[in-house]
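**Student:** Can you read through this structure? Questions will come right after.
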Amino acid sequence: QLRDLDEETHLQSILSRAHRGYSAAERLALLTRQRDLYVEYLLRMGESVARPGAAEMLNALRRSGAALGAVMTDGTPGQVLRYMPWQRGFQVVSRKTELSSQLADVQLKLNASPTHCLLVTVHPESAKTARSLGMQALLCGAGEDNGIILTQILAILPDFSGEDTTF
């Protein structure tokens with residue numbers, strides 16, 4: 001039930017079961033501490049918090065000549081990406097609020113037409129949004145092997161077809 005909630009709603013849901021009420025100032029202090037602990041955890045854990053093979057897949061895409069952009073939320077995925085060492089490998093990162101604005105922002109900053117952009121996602125709605133903007137979208141299963149995903153990406157992008165897909 002808590003998984004899809006933003007940080008504040010997540011904390012409020014937990015605190016609603018507490019033995020006492022919390023003031024707005026106390027909730028803000030707890031939320032700040034929660035964020036600080038999470039950032040500390042991400043920095044300590046480094047790449048080990050990402051899916052196995054994610055860094056290698058991004059490196060293989062860069063070696064293939066792909067221009068990489070990322071869309072980032074304020075939630076857990078955005079926090080993870082923000083603190084990963086390989087985050088610097090993206091030429092463009094967009095933190096706009098709406099996904100359609102993020103995708104358009106990345107496309108514009110990469111100076112690429114939407115038809116030359118590919119969104120890789122595990123969320124069907126994100127793929128639908130990308131396609132509505134004229135982009136290609138690769139919908140992957142949450143547990144799908146990164147080697148398979150990389151092979152699919154390289155097969156979809158005509159400029160990179162035939163490149164070595166091993167990593």
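Simple scheme: letters A, B, ... for chains in structure tokens order, numbers from 1 for residues in each chain, numbers from 1 for ligands in the order shown.
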Based on the backbone DSSP call, show me all residues of range 12-164 of chain A assigned strand (DSSP E or B), as a ChimeraX atom specification.

**Tutor:** /A:69-71,92-94,118-121,136-139

**Student:** Set the distance at 9 Å and use only C-alpha atoms: which residues neighbour Ala142 in chain A once local chain neighbours fewer than 6 positions away are removed? I'd like the list as a PyMOL selection string.

**Tutor:** chain A and resi 121-123

**Student:** May I have the residues within 10 Å of Leu139 in chain A as JSON, numbers by chain, using only C-alpha atoms and disregarding those fewer than 2 positions away in the same chain?

**Tutor:** {"A": [119, 120, 121, 122, 123, 124, 125, 126, 127, 128, 136, 137, 141, 142, 149]}

**Student:** Can you work out which one of A:Leu43, A:Leu154, A:Ala18, A:Ile148 has the shortest atom-to-atom distance to Ala66 in chain A, counting only C-alpha atoms?

**Tutor:**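 With only C-alpha atoms as the atom set, the closest residue is A:Leu154.
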
**Student:** Grab the CA of Arg131 in chain A to CA of Leu68 in chain A distance for me, in Å with one decimal place.

**Tutor:**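 Separation of CA of Arg131 in chain A and CA of Leu68 in chain A: 17.9 Å.
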
**Student:** Compare A:Gly89, A:Tyr22, A:Ala60, A:Lys96 by their minimum atom-to-atom distance to Met72 in chain A, counting only C-alpha atoms, and give me the closest one.

**Tutor:** A:Lys96
